[in-house]
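Have a look at the structure below before the remarks.
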Amino acid sequence: MSIATQSSRTRQSRKMRTQLGYLLLHAVMILIGLAFLIPLAWVASTSLKTSGEVFIMPVEWIPKHPRWSNYAEVFSRLPFAQFILNSLYVTVMGTIGSVLSATTVAFGLSRLRWPGRDFLFTILLATLMLPGVVTLIPVFIIFKNINWIGTFLPLWVPAWFGFAFYIFLMRQFMLTLPLELDEAARMDGASNFRILWQVIVPLCGPAMATVTIFSFLYHYNDFLGPLIYISKNEMFTLPLGLLWFQGRFGNFWHLVMAASMVTITPVLLLFFAAQRYFVQGNQFTGLAGR
Amino acid sequence: MATTTTSSAMRAVAPPRRGMSAARRRDLRDGLLLTSPFIIGVLFLWVGPMIYSLFLLMQDWDLITPPKFIGLGNFVRLWNDPLVAKSLGNTAYYTFIGVPLQLIVAFGLALLLNQNVRGLSIYRTVYYLPYITPAVAFAVVWIQILNPEFGVLNNLLAIVGIHPIKWLFDPTWAKPAFILMSLWLVGFQMIIFLAGLQGVPKELHEAAAIDGANTWRRFWNVTMPIMSPVIFFNLVIGIIGSFQIFTGSFIITKGGPQDSTLFMVLYIYRNAFEYFKMGYAVTLSWLLFLIIMIFTAIQFFFANRWVYYEGKV
């Protein structure tokens with residue numbers, strides 16, 4: 001009897017302790033969250049201020065009279081609509097290539113058994129780790145020799161040959177699909193290509209979505225590529241356009257932040273629309289450590 | 001046409017014999033065909049350029065006049081260039097202080113997210129968010145955040161009574177500022193850690209708890225060994241990436257003040273695309289390449305001392 005009450009009392013106090021712990025945990029996580037949100041909150045808030053309000057201390061996080069006209073001003077000072085189009089073009093072309101190449105190459109590396117396959121996979125893992133800086137200049141000179149400088153081609157054509165990271169991701173995913181699928185289709189006389197397009201591809205939706213997102217981010221955020229290959233202003237992608245804007249109007253903090261917001265917004269939309277694929281993709285890669 | 005060449009090439013390698021069935025030959029042909037984009041890509045974007053850059057090591061070339069053979073000239077120049085040591089030092093500082101801090105923060109966040117809390121996906125989203133912002137926008141925003149007078153960071157620090165720091169205008173504070181910024185971008189590493197933590201078998205924790213191990217001991221003796229391959233992965237990838245930092249210093253400080261944020265890739269970029277010294281820039285990039293490879297090799301060499309792989313006794 002006394003033992004029973006004692007144990008119920010300890011259980012109660014333990015329950016209170018865990019609840020307190022929970023509260024503390026949330027408090028910590030919210031504080032960290034606020035810290036992570038500072039840059040974004042700063043962009044959003046500053047982009048809606050007047051040039052005077054920007055410098056009021058302490059910071060007013062929510063402007064009293066949001067000035068949406070800052071955005072119109074950004075578009076009128078530099079051709080941001082054109083930058084958006086350029087960015088979209090490069091991003092879409094690069095992403096189509098990334099997904100197509102990753103899918104076909106990964107199929108060859110995971111669902112077919114042939115001599116040399118494992119060697120090729122080793123090379124793939126090696127290029128995953130090689131620092132890209134060593135090819136920066138020779139690749140630039142090669143593109144110069146075939147007159148690709150000043151065109152969008154160097155920005156998206158390489159993606160059509162397959163990026164090691166995306167191929168790796170697709171391969172890891174394809175390895176989880178049962179081989180019986182292929183065998184059954186093969187019994188019915190399907191060729192490898194038919195198996196790829198009609199059996200495997202329809203099952204690879206999540207992995208293809210993940211590659212699409214990573215490739216979108218890569219091409220959209222790419223800075224060094226456009227910096228060395230694009231020189232004409234009307235061909236600038238958004239990152240270059242934003243840098244140009246910062247260089248010319250850097251003193252107008254509110255306008256620079258409005259321009260930054262224009263650059264960030266498409267990525268944010270994509271992120272919130274397809275969040276689970278971001279996390280999923282990273283989890284596939286997590287396997288690389290194993 | 002392409003098919004016939006491949007199949008005849010294949011026959012040269014592996015003559016049709018009894019062991020190789022039609023199905024296996026077909027798989028070889030299709031395997032090569034399907035992976036050919038990557039094979040071509042590796043040849044033209046990796047192997048070819050790397051061999052070509054070996055040739056450039058001994059040239060003086062401004063891209064306009066024909067390249068001039070100068071033997072070991074670029075190496076002599078590299079040896080005598082004070083900015084090489086400077087930029088290497090800056091890069092090492094940023095990497096060897098930054099990466100451990102990034103991993104600690106990422107791991108800590110992953111541990112927090114691994115506590116079965118409500119609203120987990122919201123926290124995860126928020127911590128991940130800065131990682132996806134375009135690097136240029138991120139840089140432009142931080143120029144303002146780190147402004148000594150009107151920046152929000154000094155503003156917040158003032159609340160805790162810390163005097164304004166000059167951050168990007170002070171040679172001693174500029175690199176710490178870059179490390180600080182990099183801590184906002186740990187979302188990727190965090191998710192990889194989180195995936196690893198979710199793979200730690202619950203039974204092991206339970207068994208250890210029954211044996212009387214407290215939370216702390218369970219963390220060191222159960223979680224850490226199982227997480228060690230993931231830590232290793234993040235460490236290797238983190239160091240490779242960190243050695244190649246570029247965008248931030250190019251946009252925010254342009255290498256200043258007093259070359260305190262002149263990182264290696266920025267210096268390579270300048271030599272190639274501002275001073276048009278292609279040969280010298282290639283020499284510098286080979287130096288960086290070798291340094292990165294050496295540090296990667298060192299990590300792999302010491303890996304079996306602390307990285308634990310399941311199923312390996």
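A note on labels: chains of the structure tokens are A, B, ... as shown, every chain counts residues from 1, and ligands are counted from 1 in their shown order.
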Exercise: Leu268 in chain A partners within 9 Å, only C-alpha atoms, chain neighbours under 4 positions left out, as a ChimeraX atom specification: /A:264,272-273 /B:129,132-133
Spatial neighbours of range 89-101 of chain A, 10 Å, only C-alpha atoms, chain gap at least 5 places, as number ranges by chain: A: 83-84, 106-107, 152-164, 166-167, 170, 207-222, 226, 237; B: 34-38
Of the candidates B:Phe263, B:Phe169, B:Phe243, B:Tyr52, which shows the shortest atom-to-atom distance to Ile292 in chain B, using only C-alpha atoms?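 So, comparing all the options, the nearest one is B:Phe243.
Distances here use only C-alpha atoms; by that measure, the residue among A:Ser231, A:Thr50, A:Thr18, A:Gln12 closest to Ser69 in chain A is A:Thr50.
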Set the distance at 12 Å and use only C-alpha atoms: which residues neighbour range 255-261 of chain B once local chain neighbours fewer than 5 positions away are removed? I'd like the list as a PyMOL selection string. chain B and resi 82-94+166-179+245-250+266-270
Residues of chain A no more than 7 Å from chain B, counting only C-alpha atoms: send them over as a ChimeraX atom specification. /A:33,36-37,39,43,55,58-59,101,104-105,108,112-115,131,133-135,137-139,161-162,221,239,243,260,263-264,267,279,282-283,286,289-290
Residue subset to file, keeping C-alpha atoms, as a short mmCIF file (atom, residue, chain, number, x, y, z; two decimals), in the first residue's frame:
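That gives us part-v2.cif:
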```cif
data_model
loop_
_atom_site.label_atom_id
_atom_site.label_comp_id
_atom_site.auth_asym_id
_atom_site.auth_seq_id
_atom_site.Cartn_x
_atom_site.Cartn_y
_atom_site.Cartn_z
CA GLY A 33 14.42 29.75 -34.46
CA PHE A 36 17.74 31.81 -37.70
CA LEU A 37 14.94 34.06 -38.89
CA PRO A 39 18.29 37.64 -41.83
CA VAL A 43 15.09 41.63 -45.62
CA PHE A 55 18.27 53.85 -39.82
CA PRO A 58 16.30 50.30 -32.20
CA VAL A 59 15.10 48.38 -35.22
CA SER A 101 20.68 12.36 -67.04
CA THR A 104 19.19 7.20 -67.11
CA VAL A 105 22.69 7.00 -65.63
CA GLY A 108 22.52 1.87 -65.76
CA LEU A 112 21.78 -3.60 -64.87
CA ARG A 113 24.73 -5.83 -64.09
CA TRP A 114 27.69 -5.36 -66.43
CA PRO A 115 31.47 -5.45 -66.20
CA PRO A 131 37.29 19.98 -55.31
CA VAL A 133 38.21 24.58 -58.21
CA VAL A 134 40.84 22.64 -60.15
CA THR A 135 38.69 22.53 -63.30
CA ILE A 137 39.96 27.67 -65.37
CA PRO A 138 40.58 24.87 -67.89
CA VAL A 139 36.82 24.41 -68.37
CA PHE A 161 25.93 15.04 -68.63
CA GLY A 162 24.78 14.30 -65.12
CA ASN A 221 21.53 30.26 -56.89
CA PRO A 239 22.25 36.88 -58.57
CA LEU A 243 25.03 42.27 -57.24
CA SER A 260 17.04 40.81 -52.47
CA THR A 263 15.65 37.20 -55.67
CA ILE A 264 14.77 35.13 -52.61
CA VAL A 267 13.19 29.91 -53.72
CA VAL A 279 14.39 16.70 -46.26
CA ASN A 282 19.12 15.01 -47.58
CA GLN A 283 18.22 11.78 -45.91
CA GLY A 286 22.80 10.79 -45.15
CA GLY A 289 28.12 8.42 -44.42
CA ARG A 290 27.36 4.80 -43.75
#
```
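Considering only C-alpha atoms, the residue among A:Phe75, A:Arg117, A:Phe165, A:Gly225 positioned nearest to Met129 in chain A is A:Phe165.
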List every residue of range 27-185 of chain B that DSSP, applied to the backbone of this structure, places in helix (DSSP H, G or I), and write the result as a compact mmCIF listing (two decimals) with N, CA and C atoms, in the first residue's frame.
```txt
# COMPACT_ATOMS: atom_id res chain seq x y z
N ASP B 27 22.91 -6.34 -71.58
CA ASP B 27 23.02 -5.48 -70.40
C ASP B 27 24.28 -4.63 -70.45
N LEU B 28 25.37 -5.21 -70.97
CA LEU B 28 26.60 -4.43 -71.09
C LEU B 28 26.40 -3.28 -72.06
N ARG B 29 25.80 -3.59 -73.23
CA ARG B 29 25.57 -2.57 -74.24
C ARG B 29 24.67 -1.46 -73.68
N ASP B 30 23.57 -1.86 -73.08
CA ASP B 30 22.63 -0.87 -72.56
C ASP B 30 23.22 -0.09 -71.38
N GLY B 31 23.98 -0.80 -70.56
CA GLY B 31 24.61 -0.13 -69.42
C GLY B 31 25.54 0.97 -69.89
N LEU B 32 26.36 0.66 -70.87
CA LEU B 32 27.28 1.68 -71.40
C LEU B 32 26.52 2.83 -72.04
N LEU B 33 25.47 2.46 -72.77
CA LEU B 33 24.68 3.47 -73.47
C LEU B 33 24.01 4.42 -72.47
N LEU B 34 23.42 3.82 -71.43
CA LEU B 34 22.66 4.63 -70.47
C LEU B 34 23.59 5.50 -69.62
N THR B 35 24.78 5.00 -69.33
CA THR B 35 25.68 5.80 -68.49
C THR B 35 26.58 6.69 -69.33
N SER B 36 26.44 6.61 -70.68
CA SER B 36 27.35 7.37 -71.54
C SER B 36 27.35 8.88 -71.26
N PRO B 37 26.21 9.51 -70.92
CA PRO B 37 26.31 10.95 -70.63
C PRO B 37 27.33 11.22 -69.53
N PHE B 38 27.30 10.41 -68.49
CA PHE B 38 28.22 10.64 -67.38
C PHE B 38 29.66 10.33 -67.78
N ILE B 39 29.84 9.25 -68.56
CA ILE B 39 31.21 8.91 -69.00
C ILE B 39 31.78 10.06 -69.82
N ILE B 40 30.97 10.56 -70.78
CA ILE B 40 31.43 11.68 -71.60
C ILE B 40 31.68 12.91 -70.73
N GLY B 41 30.76 13.14 -69.79
CA GLY B 41 30.91 14.29 -68.89
C GLY B 41 32.20 14.23 -68.10
N VAL B 42 32.52 13.06 -67.57
CA VAL B 42 33.75 12.92 -66.78
C VAL B 42 34.97 13.18 -67.66
N LEU B 43 34.92 12.68 -68.90
CA LEU B 43 36.07 12.87 -69.79
C LEU B 43 36.24 14.33 -70.16
N PHE B 44 35.13 15.04 -70.47
CA PHE B 44 35.25 16.39 -70.98
C PHE B 44 35.22 17.47 -69.90
N LEU B 45 34.64 17.16 -68.75
CA LEU B 45 34.55 18.19 -67.71
C LEU B 45 35.48 17.92 -66.53
N TRP B 46 36.08 16.72 -66.47
CA TRP B 46 37.01 16.43 -65.37
C TRP B 46 38.39 16.01 -65.88
N VAL B 47 38.43 14.85 -66.54
CA VAL B 47 39.74 14.30 -66.93
C VAL B 47 40.45 15.21 -67.92
N GLY B 48 39.74 15.57 -69.00
CA GLY B 48 40.34 16.43 -70.02
C GLY B 48 40.84 17.74 -69.44
N PRO B 49 39.96 18.50 -68.77
CA PRO B 49 40.40 19.78 -68.19
C PRO B 49 41.57 19.62 -67.22
N MET B 50 41.58 18.53 -66.44
CA MET B 50 42.68 18.39 -65.48
C MET B 50 44.01 18.16 -66.21
N ILE B 51 43.96 17.36 -67.27
CA ILE B 51 45.19 17.14 -68.05
C ILE B 51 45.61 18.45 -68.73
N TYR B 52 44.63 19.13 -69.30
CA TYR B 52 44.89 20.40 -69.97
C TYR B 52 45.51 21.41 -69.00
N SER B 53 45.02 21.41 -67.76
CA SER B 53 45.53 22.39 -66.80
C SER B 53 46.97 22.07 -66.40
N LEU B 54 47.37 20.80 -66.53
CA LEU B 54 48.78 20.47 -66.26
C LEU B 54 49.68 21.18 -67.27
N PHE B 55 49.20 21.28 -68.51
CA PHE B 55 49.93 22.00 -69.55
C PHE B 55 50.00 23.49 -69.21
N LEU B 56 48.89 24.01 -68.68
CA LEU B 56 48.85 25.44 -68.37
C LEU B 56 49.79 25.83 -67.22
N GLY B 73 58.37 28.99 -64.01
CA GLY B 73 58.15 30.38 -63.62
C GLY B 73 57.00 30.58 -62.65
N ASN B 74 55.87 29.89 -62.92
CA ASN B 74 54.71 30.06 -62.05
C ASN B 74 54.98 29.57 -60.64
N PHE B 75 55.79 28.50 -60.54
CA PHE B 75 56.08 27.95 -59.22
C PHE B 75 56.98 28.90 -58.42
N VAL B 76 57.96 29.48 -59.14
CA VAL B 76 58.85 30.45 -58.49
C VAL B 76 58.03 31.63 -57.98
N ARG B 77 57.16 32.08 -58.85
CA ARG B 77 56.31 33.20 -58.49
C ARG B 77 55.45 32.87 -57.27
N LEU B 78 54.89 31.68 -57.27
CA LEU B 78 54.05 31.24 -56.16
C LEU B 78 54.84 31.23 -54.85
N TRP B 79 56.08 30.74 -54.95
CA TRP B 79 56.94 30.64 -53.78
C TRP B 79 57.21 32.02 -53.17
N ASN B 80 57.36 33.03 -54.07
CA ASN B 80 57.73 34.36 -53.59
C ASN B 80 56.54 35.29 -53.35
N PRO B 82 53.76 36.81 -51.34
CA PRO B 82 53.30 36.84 -49.95
C PRO B 82 51.79 36.62 -49.82
N LEU B 83 51.04 36.94 -50.88
CA LEU B 83 49.59 36.78 -50.79
C LEU B 83 49.16 35.31 -50.80
N VAL B 84 50.04 34.44 -51.26
CA VAL B 84 49.70 33.01 -51.24
C VAL B 84 49.62 32.53 -49.80
N ALA B 85 50.67 32.83 -49.04
CA ALA B 85 50.67 32.42 -47.63
C ALA B 85 49.51 33.08 -46.90
N LYS B 86 49.30 34.36 -47.22
CA LYS B 86 48.22 35.10 -46.56
C LYS B 86 46.86 34.44 -46.84
N SER B 87 46.58 34.18 -48.11
CA SER B 87 45.27 33.63 -48.45
C SER B 87 45.12 32.20 -47.95
N LEU B 88 46.21 31.44 -47.95
CA LEU B 88 46.14 30.09 -47.41
C LEU B 88 45.86 30.14 -45.90
N GLY B 89 46.54 31.05 -45.23
CA GLY B 89 46.31 31.20 -43.79
C GLY B 89 44.87 31.57 -43.50
N ASN B 90 44.34 32.54 -44.26
CA ASN B 90 42.95 32.94 -44.06
C ASN B 90 42.01 31.77 -44.26
N THR B 91 42.26 31.01 -45.34
CA THR B 91 41.38 29.89 -45.66
C THR B 91 41.46 28.83 -44.57
N ALA B 92 42.68 28.56 -44.08
CA ALA B 92 42.84 27.55 -43.03
C ALA B 92 42.12 28.00 -41.75
N TYR B 93 42.28 29.25 -41.40
CA TYR B 93 41.60 29.82 -40.22
C TYR B 93 40.10 29.60 -40.34
N TYR B 94 39.56 30.02 -41.47
CA TYR B 94 38.12 29.89 -41.69
C TYR B 94 37.67 28.43 -41.62
N THR B 95 38.46 27.54 -42.21
CA THR B 95 38.07 26.14 -42.27
C THR B 95 38.20 25.45 -40.92
N PHE B 96 39.37 25.60 -40.28
CA PHE B 96 39.63 24.77 -39.10
C PHE B 96 38.96 25.31 -37.84
N ILE B 97 38.56 26.56 -37.86
CA ILE B 97 37.74 27.04 -36.75
C ILE B 97 36.26 26.92 -37.12
N GLY B 98 35.96 27.26 -38.39
CA GLY B 98 34.57 27.27 -38.81
C GLY B 98 33.91 25.90 -38.86
N VAL B 99 34.57 24.93 -39.50
CA VAL B 99 33.91 23.64 -39.70
C VAL B 99 33.58 22.94 -38.38
N PRO B 100 34.52 22.86 -37.41
CA PRO B 100 34.12 22.23 -36.13
C PRO B 100 32.93 22.95 -35.49
N LEU B 101 32.93 24.29 -35.53
CA LEU B 101 31.79 25.01 -34.95
C LEU B 101 30.50 24.68 -35.68
N GLN B 102 30.59 24.65 -37.03
CA GLN B 102 29.39 24.32 -37.80
C GLN B 102 28.86 22.94 -37.42
N LEU B 103 29.79 21.99 -37.28
CA LEU B 103 29.35 20.62 -36.96
C LEU B 103 28.73 20.55 -35.57
N ILE B 104 29.32 21.29 -34.63
CA ILE B 104 28.76 21.28 -33.27
C ILE B 104 27.35 21.87 -33.29
N VAL B 105 27.20 23.01 -33.96
CA VAL B 105 25.87 23.63 -34.02
C VAL B 105 24.88 22.72 -34.73
N ALA B 106 25.30 22.16 -35.86
CA ALA B 106 24.40 21.29 -36.63
C ALA B 106 24.00 20.07 -35.81
N PHE B 107 24.97 19.49 -35.12
CA PHE B 107 24.70 18.30 -34.32
C PHE B 107 23.76 18.64 -33.16
N GLY B 108 24.03 19.77 -32.51
CA GLY B 108 23.18 20.20 -31.41
C GLY B 108 21.75 20.40 -31.87
N LEU B 109 21.58 21.06 -33.02
CA LEU B 109 20.23 21.28 -33.53
C LEU B 109 19.56 19.96 -33.85
N ALA B 110 20.32 19.04 -34.44
CA ALA B 110 19.75 17.74 -34.79
C ALA B 110 19.30 17.00 -33.53
N LEU B 111 20.11 17.10 -32.46
CA LEU B 111 19.73 16.46 -31.19
C LEU B 111 18.42 17.05 -30.66
N LEU B 112 18.32 18.38 -30.75
CA LEU B 112 17.08 19.03 -30.30
C LEU B 112 15.90 18.53 -31.12
N LEU B 113 16.09 18.48 -32.44
CA LEU B 113 14.99 18.08 -33.31
C LEU B 113 14.64 16.61 -33.13
N ASN B 114 15.58 15.84 -32.61
CA ASN B 114 15.34 14.42 -32.43
C ASN B 114 14.54 14.12 -31.16
N LEU B 120 7.74 19.76 -34.64
CA LEU B 120 9.09 19.46 -35.11
C LEU B 120 9.34 19.98 -36.52
N SER B 121 8.36 19.76 -37.42
CA SER B 121 8.60 20.13 -38.82
C SER B 121 8.72 21.64 -38.98
N ILE B 122 8.05 22.40 -38.09
CA ILE B 122 8.15 23.85 -38.18
C ILE B 122 9.55 24.30 -37.79
N TYR B 123 10.06 23.76 -36.67
CA TYR B 123 11.41 24.10 -36.25
C TYR B 123 12.42 23.72 -37.32
N ARG B 124 12.25 22.52 -37.86
CA ARG B 124 13.18 22.04 -38.88
C ARG B 124 13.20 22.99 -40.08
N THR B 125 11.99 23.40 -40.50
CA THR B 125 11.89 24.32 -41.63
C THR B 125 12.63 25.62 -41.35
N VAL B 126 12.42 26.15 -40.17
CA VAL B 126 13.01 27.45 -39.83
C VAL B 126 14.54 27.36 -39.79
N TYR B 127 15.06 26.29 -39.19
CA TYR B 127 16.52 26.16 -39.10
C TYR B 127 17.15 25.91 -40.47
N TYR B 128 16.37 25.31 -41.36
CA TYR B 128 16.90 24.97 -42.68
C TYR B 128 16.86 26.15 -43.64
N LEU B 129 15.92 27.06 -43.39
CA LEU B 129 15.59 28.13 -44.33
C LEU B 129 16.80 28.94 -44.85
N PRO B 130 17.69 29.43 -43.97
CA PRO B 130 18.78 30.26 -44.50
C PRO B 130 19.65 29.53 -45.51
N TYR B 131 19.74 28.21 -45.36
CA TYR B 131 20.61 27.42 -46.25
C TYR B 131 20.18 27.54 -47.71
N ILE B 132 18.88 27.70 -47.97
CA ILE B 132 18.42 27.72 -49.35
C ILE B 132 18.45 29.11 -49.97
N ALA B 135 23.13 32.65 -52.43
CA ALA B 135 24.32 33.14 -51.74
C ALA B 135 24.49 34.65 -51.89
N VAL B 136 24.16 35.19 -53.07
CA VAL B 136 24.34 36.62 -53.28
C VAL B 136 23.39 37.41 -52.39
N ALA B 137 22.14 36.97 -52.32
CA ALA B 137 21.17 37.66 -51.48
C ALA B 137 21.60 37.57 -50.01
N PHE B 138 22.05 36.38 -49.62
CA PHE B 138 22.52 36.17 -48.25
C PHE B 138 23.65 37.15 -47.93
N ALA B 139 24.58 37.28 -48.86
CA ALA B 139 25.73 38.17 -48.65
C ALA B 139 25.28 39.62 -48.54
N VAL B 140 24.41 40.03 -49.46
CA VAL B 140 23.95 41.42 -49.48
C VAL B 140 23.22 41.77 -48.19
N VAL B 141 22.44 40.80 -47.69
CA VAL B 141 21.71 41.02 -46.44
C VAL B 141 22.68 41.18 -45.27
N TRP B 142 23.72 40.34 -45.24
CA TRP B 142 24.64 40.38 -44.11
C TRP B 142 25.52 41.63 -44.12
N ILE B 143 25.70 42.24 -45.29
CA ILE B 143 26.41 43.51 -45.31
C ILE B 143 25.70 44.49 -44.37
N GLN B 144 24.37 44.46 -44.43
CA GLN B 144 23.59 45.38 -43.60
C GLN B 144 23.53 44.91 -42.15
N ILE B 145 23.35 43.60 -41.98
CA ILE B 145 23.22 43.08 -40.61
C ILE B 145 24.49 43.37 -39.80
N VAL B 152 21.73 45.21 -37.40
CA VAL B 152 20.87 44.65 -36.36
C VAL B 152 21.70 43.84 -35.35
N LEU B 153 22.84 43.30 -35.77
CA LEU B 153 23.61 42.45 -34.86
C LEU B 153 24.16 43.27 -33.68
N ASN B 154 24.85 44.37 -34.01
CA ASN B 154 25.37 45.22 -32.94
C ASN B 154 24.24 45.78 -32.09
N ASN B 155 23.12 46.03 -32.76
CA ASN B 155 21.92 46.49 -32.08
C ASN B 155 21.47 45.51 -31.01
N LEU B 156 21.45 44.23 -31.38
CA LEU B 156 21.04 43.20 -30.42
C LEU B 156 22.10 43.00 -29.35
N LEU B 157 23.38 43.07 -29.76
CA LEU B 157 24.45 42.88 -28.79
C LEU B 157 24.43 43.99 -27.75
N ALA B 158 24.01 45.18 -28.17
CA ALA B 158 23.96 46.31 -27.24
C ALA B 158 23.00 46.02 -26.08
N ILE B 159 21.96 45.27 -26.39
CA ILE B 159 20.98 44.93 -25.34
C ILE B 159 21.67 44.16 -24.21
N TRP B 167 33.26 44.44 -36.96
CA TRP B 167 33.08 43.30 -37.86
C TRP B 167 33.90 43.38 -39.14
N LEU B 168 33.23 43.69 -40.25
CA LEU B 168 33.88 43.58 -41.56
C LEU B 168 34.88 44.70 -41.83
N PHE B 169 34.94 45.67 -40.93
CA PHE B 169 35.88 46.76 -41.13
C PHE B 169 37.12 46.60 -40.27
N PRO B 171 40.27 44.02 -39.32
CA PRO B 171 40.95 42.80 -39.76
C PRO B 171 40.86 41.64 -38.78
N THR B 172 40.77 41.93 -37.47
CA THR B 172 40.69 40.81 -36.53
C THR B 172 39.27 40.23 -36.47
N TRP B 173 38.27 41.04 -36.78
CA TRP B 173 36.89 40.56 -36.63
C TRP B 173 36.28 40.06 -37.94
N ALA B 174 36.94 40.34 -39.07
CA ALA B 174 36.31 40.01 -40.36
C ALA B 174 36.15 38.50 -40.54
N LYS B 175 37.21 37.73 -40.22
CA LYS B 175 37.09 36.28 -40.40
C LYS B 175 36.09 35.68 -39.41
N PRO B 176 36.15 36.06 -38.11
CA PRO B 176 35.09 35.57 -37.22
C PRO B 176 33.69 35.91 -37.74
N ALA B 177 33.55 37.08 -38.39
CA ALA B 177 32.23 37.42 -38.94
C ALA B 177 31.82 36.41 -40.01
N PHE B 178 32.78 36.00 -40.83
CA PHE B 178 32.46 35.00 -41.86
C PHE B 178 32.08 33.65 -41.22
N ILE B 179 32.79 33.30 -40.16
CA ILE B 179 32.46 32.04 -39.48
C ILE B 179 31.06 32.13 -38.88
N LEU B 180 30.79 33.29 -38.27
CA LEU B 180 29.46 33.50 -37.69
C LEU B 180 28.38 33.33 -38.76
N MET B 181 28.58 33.97 -39.92
CA MET B 181 27.60 33.86 -40.99
C MET B 181 27.41 32.40 -41.41
N SER B 182 28.53 31.66 -41.43
CA SER B 182 28.43 30.27 -41.91
C SER B 182 27.57 29.42 -40.97
N LEU B 183 27.44 29.87 -39.71
CA LEU B 183 26.62 29.09 -38.77
C LEU B 183 25.14 29.17 -39.12
N TRP B 184 24.77 30.18 -39.90
CA TRP B 184 23.37 30.27 -40.32
C TRP B 184 23.08 29.26 -41.44
N LEU B 185 24.13 28.69 -42.01
CA LEU B 185 23.94 27.84 -43.18
C LEU B 185 24.13 26.36 -42.88
```
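Pairwise distance (CA of Tyr22 in chain A, CA of Pro225 in chain B) equals 26.9 Å.
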For CA of Leu40 in chain A and CA of Val262 in chain A, the interatomic separation in Å (one decimal): 12.3 Å
Could you state the separation of CA of Tyr277 in chain A and CA of Leu203 in chain A in Å, given to one decimal place? 15.0 Å
Could you pull out the residues in range 46-206 of chain B that DSSP calls strand (DSSP E or B) from the backbone, as a ChimeraX atom specification? /B:59-60,68-69
Excluding same-chain residues fewer than 4 positions from Glu234 in chain A, what lies within 9 Å of it counting only C-alpha atoms, as a PDB file with C-alpha atoms, in the first residue's frame?
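part13.pdb written:
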```
ATOM      1  CA  PRO A  79      15.562  45.322 -65.685  1.00  0.00           C
ATOM      2  CA  GLN A  82      14.605  40.359 -67.658  1.00  0.00           C
ATOM      3  CA  PHE A  83      16.861  38.928 -64.929  1.00  0.00           C
ATOM      4  CA  ASN A  86      17.173  34.716 -67.717  1.00  0.00           C
TER       5      ASN A  86
END
```
